[in-house]
file entry-v8.cif (mmCIF, C-alpha atoms and all ligand atoms)
data_final
loop_
_atom_site.label_atom_id
_atom_site.label_comp_id
_atom_site.auth_asym_id
_atom_site.auth_seq_id
_atom_site.Cartn_x
_atom_site.Cartn_y
_atom_site.Cartn_z
CA MET O 1 219.23 149.08 157.27
CA ASP O 2 217.25 152.33 157.42
CA ALA O 3 213.64 151.75 158.35
CA TYR O 4 210.63 153.74 159.42
CA CYS O 5 209.57 152.86 162.92
CA VAL O 6 207.26 153.89 165.71
CA ARG O 7 209.07 155.06 168.83
CA VAL O 8 207.33 154.57 172.19
CA ASP O 9 208.35 154.43 175.83
CA ARG O 10 209.42 151.01 176.89
CA GLU O 11 206.37 150.52 179.17
CA ARG O 12 204.02 151.00 176.20
CA GLY O 13 206.15 148.82 173.92
CA GLU O 14 204.16 145.58 173.92
CA SER O 15 200.71 147.20 173.76
CA THR O 16 201.85 149.42 170.88
CA ARG O 17 203.43 146.49 169.05
CA GLN O 18 200.16 144.61 169.43
CA GLU O 19 198.10 147.56 168.11
CA LEU O 20 200.39 147.90 165.11
CA ALA O 21 200.38 144.12 164.55
CA ASP O 22 196.56 144.12 164.64
CA ALA O 23 196.69 146.68 161.83
CA ASP O 24 199.24 144.51 159.92
CA LEU O 25 201.78 147.31 160.14
CA VAL O 26 204.74 145.60 161.85
CA ALA O 27 207.65 144.86 159.49
CA GLU O 28 208.92 141.30 159.84
CA ASP O 29 212.26 141.67 158.09
CA VAL O 30 213.79 144.10 160.62
CA GLU O 31 214.42 143.67 164.34
CA ILE O 32 212.61 145.66 167.05
CA VAL O 33 215.22 147.63 169.01
CA VAL O 34 215.23 148.85 172.64
CA GLU O 35 217.42 151.88 173.40
CA ASP O 36 217.53 154.40 176.25
CA GLY O 37 214.05 153.58 177.57
CA SER O 38 212.46 153.66 174.11
CA ILE O 39 211.30 150.89 171.81
CA PHE O 40 211.59 151.23 168.04
CA ILE O 41 209.00 149.13 166.19
CA PRO O 42 209.60 148.90 162.43
CA VAL O 43 206.56 149.43 160.21
CA VAL O 44 205.76 148.35 156.67
CA ASP O 45 203.81 151.45 155.61
CA PRO O 46 204.66 154.71 157.40
CA ALA O 47 201.79 156.55 155.69
CA ALA O 48 199.29 154.16 157.29
CA VAL O 49 200.56 154.76 160.83
CA PRO O 50 197.99 156.83 162.79
CA ASP O 51 199.09 160.39 163.64
CA ASP O 52 199.12 159.80 167.39
CA TYR O 53 202.22 157.59 167.09
CA GLU O 54 205.71 159.12 166.84
CA LEU O 55 207.24 158.05 163.54
CA VAL O 56 211.03 158.16 163.10
CA GLU O 57 213.54 156.86 160.59
CA ARG O 58 216.62 155.05 161.88
CA ASP O 59 219.03 152.22 161.30
CA LEU O 60 217.70 148.80 162.47
CA PRO O 61 219.35 145.37 162.14
CA GLU O 62 217.91 142.95 159.61
CA ARG O 63 216.08 140.04 161.21
CA VAL O 64 217.79 136.69 160.74
CA ARG O 65 215.00 134.13 160.47
CA PRO O 66 215.92 130.59 161.60
CA GLU O 67 216.52 128.54 158.49
CA MET O 68 213.76 125.99 157.95
CA PRO O 69 213.87 122.84 155.77
CA SER O 70 211.74 124.62 153.15
CA ASP O 71 214.36 127.42 152.89
CA ILE O 72 216.96 124.82 151.98
CA LEU O 73 214.77 122.69 149.72
CA GLY O 74 212.89 125.42 147.88
CA TYR O 75 209.60 123.59 148.55
CA GLU O 76 207.49 122.89 151.64
CA PRO O 77 208.08 119.29 152.74
CA SER O 78 205.47 117.44 154.75
CA TYR O 79 206.62 116.22 158.16
CA GLU O 80 205.53 115.84 161.77
CA ARG O 81 207.59 116.55 164.86
CA LEU O 82 207.58 114.46 168.00
CA GLY O 83 210.12 115.63 170.59
CA ASP O 84 213.46 115.67 168.76
CA VAL O 85 212.21 113.26 166.09
CA VAL O 86 210.99 114.32 162.67
CA ILE O 87 208.61 111.91 160.96
CA LEU O 88 208.28 111.72 157.18
CA ASP O 89 205.85 109.81 155.01
CA GLU O 90 207.62 109.56 151.67
CA ASP O 91 207.31 106.84 149.01
CA ASN O 92 210.40 107.96 147.14
CA PRO O 93 213.63 107.14 149.06
CA ASP O 94 215.64 109.83 147.23
CA ARG O 95 213.15 112.51 148.19
CA ALA O 96 213.06 111.17 151.78
CA ALA O 97 216.88 111.41 151.98
CA GLU O 98 216.83 114.93 150.52
CA ILE O 99 214.27 116.09 153.10
CA ALA O 100 216.15 114.36 155.94
CA ASP O 101 219.36 116.21 154.97
CA ALA O 102 217.53 119.53 154.87
CA VAL O 103 215.92 118.87 158.27
CA VAL O 104 219.34 118.20 159.80
CA ASP O 105 220.90 121.27 158.16
CA SER O 106 218.01 123.52 159.26
CA ALA O 107 217.60 125.25 162.62
CA LEU O 108 215.18 122.58 163.88
CA PRO O 109 216.40 120.86 167.08
CA VAL O 110 216.36 117.34 165.65
CA GLU O 111 218.29 114.17 166.56
CA THR O 112 216.39 111.60 164.50
CA VAL O 113 214.57 111.52 161.17
CA LEU O 114 212.25 108.58 160.48
CA ASP O 115 210.29 107.64 157.39
CA ARG O 116 207.17 105.52 157.68
CA ALA O 117 207.97 102.03 156.35
CA SER O 118 204.60 100.36 156.97
CA LYS O 119 201.08 101.08 158.12
CA ILE O 120 200.37 100.65 161.83
CA LYS O 121 199.78 96.95 162.26
CA GLY O 122 198.97 94.05 164.53
CA GLU O 123 197.55 94.08 167.99
CA THR O 124 199.98 96.69 169.32
CA ARG O 125 199.42 99.10 166.39
CA VAL O 126 203.16 99.78 165.98
CA ARG O 127 204.62 100.54 162.54
CA ASP O 128 208.00 99.85 160.93
CA TRP O 129 210.34 102.76 160.31
CA ASN O 130 213.28 103.57 158.06
CA VAL O 131 215.75 105.38 160.28
CA LEU O 132 217.25 108.04 157.99
CA VAL O 133 219.14 110.04 160.62
CA GLY O 134 220.16 109.24 164.20
CA ASP O 135 220.31 106.02 166.13
CA SER O 136 217.51 106.24 168.68
CA THR O 137 213.78 106.01 168.09
CA GLU O 138 213.10 107.03 171.70
CA THR O 139 212.13 110.62 172.41
CA VAL O 140 210.41 112.89 174.91
CA HIS O 141 207.27 114.57 173.62
CA ARG O 142 205.44 117.43 175.37
CA GLU O 143 201.71 117.90 174.99
CA TYR O 144 199.50 120.39 176.87
CA GLY O 145 201.81 120.52 179.89
CA CYS O 146 202.48 116.77 180.15
CA GLU O 147 205.66 114.98 179.20
CA PHE O 148 205.77 111.56 177.51
CA VAL O 149 208.83 109.44 176.88
CA LEU O 150 208.23 106.78 174.23
CA ASP O 151 209.95 104.67 171.63
CA LEU O 152 208.23 104.89 168.26
CA ALA O 153 209.66 101.53 167.22
CA GLU O 154 208.04 99.84 170.24
CA VAL O 155 204.75 101.60 170.92
CA TYR O 156 201.90 103.39 169.18
CA PHE O 157 201.86 107.17 169.40
CA SER O 158 200.39 109.88 167.18
CA PRO O 159 200.98 113.60 167.81
CA ARG O 160 198.03 114.29 165.50
CA LEU O 161 195.60 113.31 168.24
CA ALA O 162 196.83 115.99 170.67
CA THR O 163 193.81 118.29 170.21
CA GLU O 164 191.38 115.41 170.62
CA ARG O 165 193.09 114.18 173.77
CA HIS O 166 193.01 117.68 175.19
CA ARG O 167 189.29 117.96 174.41
CA VAL O 168 188.59 114.80 176.40
CA THR O 169 190.90 115.82 179.25
CA GLU O 170 189.08 119.12 179.67
CA LEU O 171 185.80 117.27 180.27
CA ILE O 172 187.17 115.32 183.23
CA ASP O 173 186.23 116.22 186.82
CA PRO O 174 188.72 115.62 189.65
CA ASP O 175 186.55 113.07 191.46
CA GLU O 176 185.95 110.87 188.43
CA ARG O 177 186.98 107.27 187.90
CA VAL O 178 188.42 106.93 184.39
CA PHE O 179 189.20 103.62 182.67
CA ASP O 180 191.49 103.87 179.63
CA MET O 181 191.14 100.49 177.92
CA PHE O 182 193.86 100.95 175.26
CA ALA O 183 196.17 103.34 177.02
CA GLY O 184 199.48 103.15 175.12
CA VAL O 185 202.10 105.30 176.86
CA GLY O 186 199.35 107.25 178.63
CA PRO O 187 198.43 110.34 176.57
CA PHE O 188 194.79 110.11 177.75
CA ALA O 189 195.39 108.42 181.11
CA ILE O 190 198.11 110.72 182.45
CA PRO O 191 196.40 114.06 181.73
CA ALA O 192 193.23 112.55 183.27
CA ALA O 193 195.19 111.78 186.45
CA VAL O 194 196.75 115.27 186.34
CA ARG O 195 193.14 116.62 186.36
CA GLY O 196 192.69 114.72 189.63
CA ALA O 197 190.83 111.65 188.39
CA THR O 198 191.47 108.11 189.63
CA VAL O 199 192.61 106.21 186.57
CA VAL O 200 192.99 102.60 185.50
CA ALA O 201 194.99 102.12 182.29
CA THR O 202 195.46 98.85 180.42
CA ASP O 203 197.46 97.91 177.36
CA ILE O 204 198.40 94.60 175.80
CA ASN O 205 201.82 96.00 174.85
CA GLU O 206 204.06 95.50 177.89
CA THR O 207 206.59 98.04 176.63
CA ALA O 208 203.85 100.67 176.33
CA ILE O 209 202.87 100.01 179.95
CA GLU O 210 206.52 100.33 181.06
CA TYR O 211 206.65 103.74 179.36
CA LEU O 212 203.26 104.67 180.83
CA ARG O 213 204.61 103.95 184.33
CA GLU O 214 207.67 106.07 183.66
CA ASN O 215 205.42 108.81 182.31
CA ALA O 216 203.21 108.66 185.39
CA GLU O 217 206.34 109.30 187.45
CA ARG O 218 207.53 112.11 185.22
CA ASN O 219 204.16 113.82 185.57
CA GLY O 220 203.76 113.15 189.30
CA VAL O 221 200.60 111.00 189.18
CA THR O 222 201.74 107.50 190.21
CA ASP O 223 199.39 107.51 193.23
CA GLN O 224 196.27 108.06 191.13
CA LEU O 225 197.04 105.66 188.33
CA THR O 226 196.82 101.86 188.22
CA SER O 227 198.46 100.43 185.11
CA ILE O 228 197.95 96.87 183.93
CA ALA O 229 199.80 95.09 181.12
CA GLY O 230 197.60 92.58 179.36
CA ASP O 231 194.38 92.07 177.44
CA VAL O 232 191.80 94.44 178.88
CA ARG O 233 189.16 91.69 178.67
CA GLU O 234 191.05 89.75 181.33
CA VAL O 235 190.83 92.50 183.94
CA THR O 236 187.32 93.87 183.48
CA GLY O 237 186.01 91.41 186.09
CA ASP O 238 188.00 93.28 188.75
CA TYR O 239 186.41 96.63 187.79
CA GLU O 240 182.77 95.74 187.33
CA ASP O 241 180.42 98.69 187.71
CA TRP O 242 183.44 100.95 188.32
CA ALA O 243 183.91 103.63 185.68
CA ASP O 244 182.45 107.12 185.34
CA ARG O 245 184.29 107.52 182.04
CA ILE O 246 185.79 105.05 179.58
CA VAL O 247 188.24 105.84 176.78
CA MET O 248 188.18 103.33 173.90
CA ASN O 249 190.89 104.44 171.50
CA LEU O 250 191.27 101.35 169.36
CA PRO O 251 189.63 102.36 166.09
CA HIS O 252 188.92 99.46 163.68
CA SER O 253 188.40 97.02 166.57
CA ALA O 254 186.67 98.91 169.42
CA GLU O 255 183.39 97.16 168.63
CA GLU O 256 184.88 93.83 169.76
CA PHE O 257 185.49 95.31 173.22
CA LEU O 258 182.07 96.83 173.87
CA ASP O 259 180.99 93.93 176.10
CA ALA O 260 184.07 94.56 178.25
CA ALA O 261 183.26 98.28 178.38
CA ILE O 262 179.68 97.60 179.46
CA GLN O 263 181.01 95.39 182.25
CA ILE O 264 183.17 98.16 183.74
CA ALA O 265 180.66 100.99 183.16
CA GLY O 266 179.17 102.43 186.33
CA GLU O 267 175.57 103.60 186.74
CA ASP O 268 176.19 106.75 184.77
CA CYS O 269 179.17 106.52 182.45
CA LEU O 270 180.48 108.52 179.52
CA VAL O 271 182.23 106.47 176.83
CA HIS O 272 184.59 108.04 174.27
CA TYR O 273 184.33 105.55 171.41
CA TYR O 274 186.81 105.97 168.54
CA ASP O 275 186.06 104.50 165.17
CA ILE O 276 187.19 104.64 161.55
CA GLN O 277 184.34 104.67 159.07
CA HIS O 278 183.36 105.67 155.56
CA GLU O 279 182.28 109.29 155.06
CA ASP O 280 178.79 108.15 153.98
CA ASP O 281 177.91 106.97 157.49
CA PRO O 282 180.73 107.82 159.90
CA TYR O 283 178.77 107.47 163.17
CA GLY O 284 176.03 104.95 162.33
CA PRO O 285 178.03 101.71 162.74
CA GLY O 286 179.44 102.83 166.10
CA GLU O 287 176.05 103.89 167.42
CA ARG O 288 174.40 100.65 166.32
CA ALA O 289 177.18 98.56 167.91
CA ILE O 290 176.94 100.47 171.19
CA ARG O 291 173.14 100.15 171.34
CA GLU O 292 173.40 96.45 170.56
CA ALA O 293 175.87 95.93 173.42
CA ALA O 294 174.32 98.24 176.03
CA GLU O 295 170.54 98.18 175.61
CA PRO O 296 168.27 97.48 177.40
CA SER O 297 170.42 97.43 180.60
CA TYR O 298 171.54 100.97 179.81
CA GLU O 299 169.82 103.90 178.21
CA VAL O 300 172.17 105.07 175.42
CA THR O 301 172.44 108.77 174.63
CA ILE O 302 174.80 109.99 171.90
CA GLU O 303 175.93 113.26 173.47
CA ASN O 304 178.40 114.29 170.81
CA THR O 305 179.86 113.10 167.53
CA ARG O 306 182.94 114.53 165.90
CA THR O 307 185.41 113.91 163.14
CA VAL O 308 188.86 113.73 164.69
CA ARG O 309 190.76 113.66 161.41
CA SER O 310 190.62 112.36 157.92
CA TYR O 311 192.17 108.88 157.87
CA ALA O 312 192.20 107.79 154.22
CA PRO O 313 190.30 108.89 151.10
CA HIS O 314 186.60 108.86 152.08
CA GLU O 315 187.39 107.51 155.55
CA PHE O 316 187.28 109.39 158.82
CA ASN O 317 188.62 108.77 162.29
CA VAL O 318 185.61 109.73 164.42
CA CYS O 319 184.64 109.89 168.06
CA LEU O 320 181.24 109.26 169.64
CA ASP O 321 180.76 110.53 173.19
CA VAL O 322 178.08 108.22 174.52
CA ARG O 323 176.32 108.40 177.88
CA LEU O 324 175.26 105.10 179.39
CA THR O 325 172.60 105.39 182.09
CA ARG O 326 171.74 102.17 183.88
CA GLN O 327 168.07 101.15 183.84
CA ASP O 328 166.84 99.26 186.90
C1 LIG S 1 195.54 103.17 168.76
S1 LIG S 1 196.56 102.71 170.11
C2 LIG S 1 196.10 103.98 171.26
C3 LIG S 1 197.10 104.25 172.35
C4 LIG S 1 196.83 105.50 173.16
N1 LIG S 1 195.48 105.55 173.67
C5 LIG S 1 197.15 106.74 172.36
O1 LIG S 1 196.25 107.55 172.10
O2 LIG S 1 198.31 106.92 172.00
C6 LIG S 1 195.74 101.29 170.71
C7 LIG S 1 196.44 100.57 171.84
O3 LIG S 1 195.62 99.46 172.23
C8 LIG S 1 196.45 98.41 172.63
N2 LIG S 1 195.66 97.16 172.59
C9 LIG S 1 195.29 96.42 171.51
N3 LIG S 1 194.55 95.39 171.88
C10 LIG S 1 194.41 95.43 173.22
C11 LIG S 1 193.76 94.64 174.20
N4 LIG S 1 193.08 93.53 173.86
N5 LIG S 1 193.82 95.00 175.49
C12 LIG S 1 194.51 96.11 175.86
N6 LIG S 1 195.16 96.90 174.98
C13 LIG S 1 195.12 96.58 173.69
C14 LIG S 1 197.63 98.48 171.68
O4 LIG S 1 198.78 97.84 172.19
C15 LIG S 1 197.81 100.00 171.50
O5 LIG S 1 198.77 100.52 172.38
#
call {"tool": "encode", "arguments": {"input": "entry-v8.cif", "output": "structure tokens"}}
result
Amino acid sequence: MDAYCVRVDRERGESTRQELADADLVAEDVEIVVEDGSIFIPVVDPAAVPDDYELVERDLPERVRPEMPSDILGYEPSYERLGDVVILDEDNPDRAAEIADAVVDSALPVETVLDRASKIKGETRVRDWNVLVGDSTETVHREYGCEFVLDLAEVYFSPRLATERHRVTELIDPDERVFDMFAGVGPFAIPAAVRGATVVATDINETAIEYLRENAERNGVTDQLTSIAGDVREVTGDYEDWADRIVMNLPHSAEEFLDAAIQIAGEDCLVHYYDIQHEDDPYGPGERAIREAAEPSYEVTIENTRTVRSYAPHEFNVCLDVRLTRQD
């Protein structure tokens, strides 16, 4: 189709495209074309293009946008992606099936579509799934440069926590000793080891620990990571006074494990304590529980509080970053 475009030498192509994009002038429905050392960048409003650009009119191919589920459905469905799995949360089975069909027919690289069939439950925090498409619930998920293989029917995993995990990872120094008490398949523990830390990771779900070991191999950190399948309370005796940093990602029940955390905390230890609480007092219960468990042996300083995500109406998943400093 005929379109107005800015012609520049190839070397100035990307910087010019960026300048035009910053001014919201790049047309999205037509392809950028490279020809004979020149780049032709289509624009939406030729009159708004500054005089110092060369404006020409020429034939450019229409851009074919990959077809998304919403293009097929005519509405924006809600879903999450984890590797080649798409996760739905639909109450109506007909609507779930309709979305699953659209996902498969779209350009998304998807092998499996799952619909949540229960809340996360029990000690291992795994949920039931309705498998709408595909026959495997195992996938490989990539997050901030690390790779995690996991089976959603066997282990807990939430892609929604990626930003929070990255925040914690970025705080870790290479010479630290990190204890991940509820490690799952390793989305905190493995990036910590990749940062250079020495890591101990425990989980009561043996399958999660098997995946964690495979993930340690995939990410090249087996030497720095000790993984233990079992109740964390049974191993804390071996790591007394050990940790510079502790990750406690077991919201709802973390309070019950504070005595174990205090046992493994070193002289100066940062605890990332995850909790789910009502919006009226999201951090108070966690802070009180930590003080109760740690004082007076440790001075307790709440260094940071943050809402990780909204969990349910009026309930938040929160994190308290708490420094424990031993008092002699
Ligand atoms: C909310 S998941 C978090 C997993 C992982 N940290 C993540 O972000 O994906 C909590 C994990 O704690 C484990 N868990 C529950 N009770 C435990 C215990 N007493 N000792 C060790 N792990 C436990 C569960 O099996 C589950 O994998």
call {"tool": "residues_near_ligand", "arguments": {"input": "entry-v8.cif", "ligand": "ligand LIG 1 (chain S)", "cutoff": "8 Å", "atoms": "only C-alpha atoms and all ligand atoms", "output": "ChimeraX atom specification"}}
result
/O:123-126,155-158,161,165,180-189,202-205,208,229-233,247-251,257
call {"tool": "closest_residue", "arguments": {"input": "entry-v8.cif", "among": "O:Val131, O:Ala193, O:Leu20, O:Leu320", "to": "Gly220 of chain O", "atoms": "all atoms listed in the file"}}
result
O:Ala193
call {"tool": "residues_around", "arguments": {"input": "entry-v8.cif", "residues": "Glu54 of chain O", "least_positions_apart": "4", "cutoff": "12 Å", "atoms": "all atoms listed in the file", "output": "list in words"}}
result
Tyr4, Cys5, Val6, Arg7, Val8, Asp9, Thr16, Ser38, Ile39, Phe40, Ile41, Pro42, Val43, Pro46, Val49 and Pro50 of chain O
call {"tool": "write_last_selection", "arguments": {"input": "entry-v8.cif", "atoms": "C-alpha atoms", "output": "PDB file, in the coordinates of the input"}}
result
ATOM      1  CA  TYR O   4     210.630 153.740 159.420  1.00  0.00           C
ATOM      2  CA  CYS O   5     209.570 152.860 162.920  1.00  0.00           C
ATOM      3  CA  VAL O   6     207.260 153.890 165.710  1.00  0.00           C
ATOM      4  CA  ARG O   7     209.070 155.060 168.830  1.00  0.00           C
ATOM      5  CA  VAL O   8     207.330 154.570 172.190  1.00  0.00           C
ATOM      6  CA  ASP O   9     208.350 154.430 175.830  1.00  0.00           C
ATOM      7  CA  THR O  16     201.850 149.420 170.880  1.00  0.00           C
ATOM      8  CA  SER O  38     212.460 153.660 174.110  1.00  0.00           C
ATOM      9  CA  ILE O  39     211.300 150.890 171.810  1.00  0.00           C
ATOM     10  CA  PHE O  40     211.590 151.230 168.040  1.00  0.00           C
ATOM     11  CA  ILE O  41     209.000 149.130 166.190  1.00  0.00           C
ATOM     12  CA  PRO O  42     209.600 148.900 162.430  1.00  0.00           C
ATOM     13  CA  VAL O  43     206.560 149.430 160.210  1.00  0.00           C
ATOM     14  CA  PRO O  46     204.660 154.710 157.400  1.00  0.00           C
ATOM     15  CA  VAL O  49     200.560 154.760 160.830  1.00  0.00           C
ATOM     16  CA  PRO O  50     197.990 156.830 162.790  1.00  0.00           C
TER      17      PRO O  50
END
call {"tool": "atom_distance", "arguments": {"input": "entry-v8.cif", "atom1": "atom CA of His252 of chain O", "atom2": "atom CA of Ile209 of chain O"}}
result
21.4 Å
call {"tool": "residues_near_point", "arguments": {"input": "entry-v8.cif", "point": "(197.8, 111.2, 184.5)", "cutoff": "10 Å", "atoms": "only C-alpha atoms", "output": "PDB file with C-alpha atoms, in the frame of the given file"}}
result
ATOM      1  CA  CYS O 146     202.480 116.770 180.150  1.00  0.00           C
ATOM      2  CA  THR O 169     190.900 115.820 179.250  1.00  0.00           C
ATOM      3  CA  GLY O 186     199.350 107.250 178.630  1.00  0.00           C
ATOM      4  CA  PRO O 187     198.430 110.340 176.570  1.00  0.00           C
ATOM      5  CA  PHE O 188     194.790 110.110 177.750  1.00  0.00           C
ATOM      6  CA  ALA O 189     195.390 108.420 181.110  1.00  0.00           C
ATOM      7  CA  ILE O 190     198.110 110.720 182.450  1.00  0.00           C
ATOM      8  CA  PRO O 191     196.400 114.060 181.730  1.00  0.00           C
ATOM      9  CA  ALA O 192     193.230 112.550 183.270  1.00  0.00           C
ATOM     10  CA  ALA O 193     195.190 111.780 186.450  1.00  0.00           C
ATOM     11  CA  VAL O 194     196.750 115.270 186.340  1.00  0.00           C
ATOM     12  CA  ARG O 195     193.140 116.620 186.360  1.00  0.00           C
ATOM     13  CA  GLY O 196     192.690 114.720 189.630  1.00  0.00           C
ATOM     14  CA  ALA O 197     190.830 111.650 188.390  1.00  0.00           C
ATOM     15  CA  THR O 198     191.470 108.110 189.630  1.00  0.00           C
ATOM     16  CA  VAL O 199     192.610 106.210 186.570  1.00  0.00           C
ATOM     17  CA  VAL O 200     192.990 102.600 185.500  1.00  0.00           C
ATOM     18  CA  ALA O 201     194.990 102.120 182.290  1.00  0.00           C
ATOM     19  CA  LEU O 212     203.260 104.670 180.830  1.00  0.00           C
ATOM     20  CA  ARG O 213     204.610 103.950 184.330  1.00  0.00           C
ATOM     21  CA  ASN O 215     205.420 108.810 182.310  1.00  0.00           C
ATOM     22  CA  ALA O 216     203.210 108.660 185.390  1.00  0.00           C
ATOM     23  CA  GLU O 217     206.340 109.300 187.450  1.00  0.00           C
ATOM     24  CA  ARG O 218     207.530 112.110 185.220  1.00  0.00           C
ATOM     25  CA  ASN O 219     204.160 113.820 185.570  1.00  0.00           C
ATOM     26  CA  GLY O 220     203.760 113.150 189.300  1.00  0.00           C
ATOM     27  CA  VAL O 221     200.600 111.000 189.180  1.00  0.00           C
ATOM     28  CA  THR O 222     201.740 107.500 190.210  1.00  0.00           C
ATOM     29  CA  ASP O 223     199.390 107.510 193.230  1.00  0.00           C
ATOM     30  CA  GLN O 224     196.270 108.060 191.130  1.00  0.00           C
ATOM     31  CA  LEU O 225     197.040 105.660 188.330  1.00  0.00           C
TER      32      LEU O 225
END
call {"tool": "residues_around", "arguments": {"input": "entry-v8.cif", "residues": "Glu80 of chain O", "least_positions_apart": "5", "cutoff": "9 Å", "atoms": "only C-alpha atoms", "output": "list of chain:residue names"}}
result
O:Val85, O:Val86, O:Ile87, O:Leu88, O:Pro159, O:Arg160
call {"tool": "residues_near_point", "arguments": {"input": "entry-v8.cif", "point": "(179.6, 104.8, 174.4)", "cutoff": "8 Å", "atoms": "all atoms listed in the file", "output": "list in words"}}
result
Leu270, Val271, His272, Tyr273, Glu287, Ile290, Val300, Ile302, Leu320, Asp321, Val322, Arg323 and Leu324 of chain O
call {"tool": "closest_residue", "arguments": {"input": "entry-v8.cif", "among": "O:Arg12, O:Ala294, O:Leu82, O:Tyr75", "to": "Glu147 of chain O", "atoms": "all atoms listed in the file"}}
result
O:Leu82
call {"tool": "closest_residue", "arguments": {"input": "entry-v8.cif", "among": "O:Ser227, O:Asn317, O:Gln277, O:Thr325", "to": "Asp241 of chain O", "atoms": "only C-alpha atoms"}}
result
O:Thr325
call {"tool": "build_atoms", "arguments": {"input": "entry-v8.cif", "residues": "segment 12-25 of chain O", "atoms": "N, CA and C atoms", "output": "PDB file, in the frame of the given file"}}
result
ATOM      1  N   ARG O  12     205.136 151.142 177.150  1.00  0.00           N
ATOM      2  CA  ARG O  12     204.020 151.000 176.200  1.00  0.00           C
ATOM      3  C   ARG O  12     204.406 150.146 174.998  1.00  0.00           C
ATOM      4  N   GLY O  13     205.609 149.541 175.077  1.00  0.00           N
ATOM      5  CA  GLY O  13     206.150 148.820 173.920  1.00  0.00           C
ATOM      6  C   GLY O  13     205.261 147.683 173.445  1.00  0.00           C
ATOM      7  N   GLU O  14     204.884 146.771 174.362  1.00  0.00           N
ATOM      8  CA  GLU O  14     204.160 145.580 173.920  1.00  0.00           C
ATOM      9  C   GLU O  14     202.744 145.933 173.454  1.00  0.00           C
ATOM     10  N   SER O  15     202.078 146.864 174.192  1.00  0.00           N
ATOM     11  CA  SER O  15     200.710 147.200 173.760  1.00  0.00           C
ATOM     12  C   SER O  15     200.736 147.893 172.394  1.00  0.00           C
ATOM     13  N   THR O  16     201.763 148.741 172.180  1.00  0.00           N
ATOM     14  CA  THR O  16     201.850 149.420 170.880  1.00  0.00           C
ATOM     15  C   THR O  16     202.164 148.424 169.771  1.00  0.00           C
ATOM     16  N   ARG O  17     203.095 147.491 170.062  1.00  0.00           N
ATOM     17  CA  ARG O  17     203.430 146.490 169.050  1.00  0.00           C
ATOM     18  C   ARG O  17     202.186 145.699 168.658  1.00  0.00           C
ATOM     19  N   GLN O  18     201.374 145.374 169.696  1.00  0.00           N
ATOM     20  CA  GLN O  18     200.160 144.610 169.430  1.00  0.00           C
ATOM     21  C   GLN O  18     199.176 145.404 168.570  1.00  0.00           C
ATOM     22  N   GLU O  19     199.025 146.720 168.903  1.00  0.00           N
ATOM     23  CA  GLU O  19     198.100 147.560 168.110  1.00  0.00           C
ATOM     24  C   GLU O  19     198.549 147.635 166.662  1.00  0.00           C
ATOM     25  N   LEU O  20     199.869 147.813 166.485  1.00  0.00           N
ATOM     26  CA  LEU O  20     200.390 147.900 165.110  1.00  0.00           C
ATOM     27  C   LEU O  20     200.267 146.554 164.395  1.00  0.00           C
ATOM     28  N   ALA O  21     200.501 145.471 165.151  1.00  0.00           N
ATOM     29  CA  ALA O  21     200.380 144.120 164.550  1.00  0.00           C
ATOM     30  C   ALA O  21     198.935 143.869 164.139  1.00  0.00           C
ATOM     31  N   ASP O  22     197.974 144.314 164.980  1.00  0.00           N
ATOM     32  CA  ASP O  22     196.560 144.120 164.640  1.00  0.00           C
ATOM     33  C   ASP O  22     196.205 144.836 163.339  1.00  0.00           C
ATOM     34  N   ALA O  23     196.935 145.938 163.066  1.00  0.00           N
ATOM     35  CA  ALA O  23     196.690 146.680 161.830  1.00  0.00           C
ATOM     36  C   ALA O  23     197.624 146.210 160.698  1.00  0.00           C
ATOM     37  N   ASP O  24     198.304 145.073 160.918  1.00  0.00           N
ATOM     38  CA  ASP O  24     199.240 144.510 159.920  1.00  0.00           C
ATOM     39  C   ASP O  24     200.330 145.496 159.514  1.00  0.00           C
ATOM     40  N   LEU O  25     200.801 146.276 160.475  1.00  0.00           N
ATOM     41  CA  LEU O  25     201.780 147.310 160.140  1.00  0.00           C
ATOM     42  C   LEU O  25     203.216 146.960 160.561  1.00  0.00           C
TER      43      LEU O  25
END
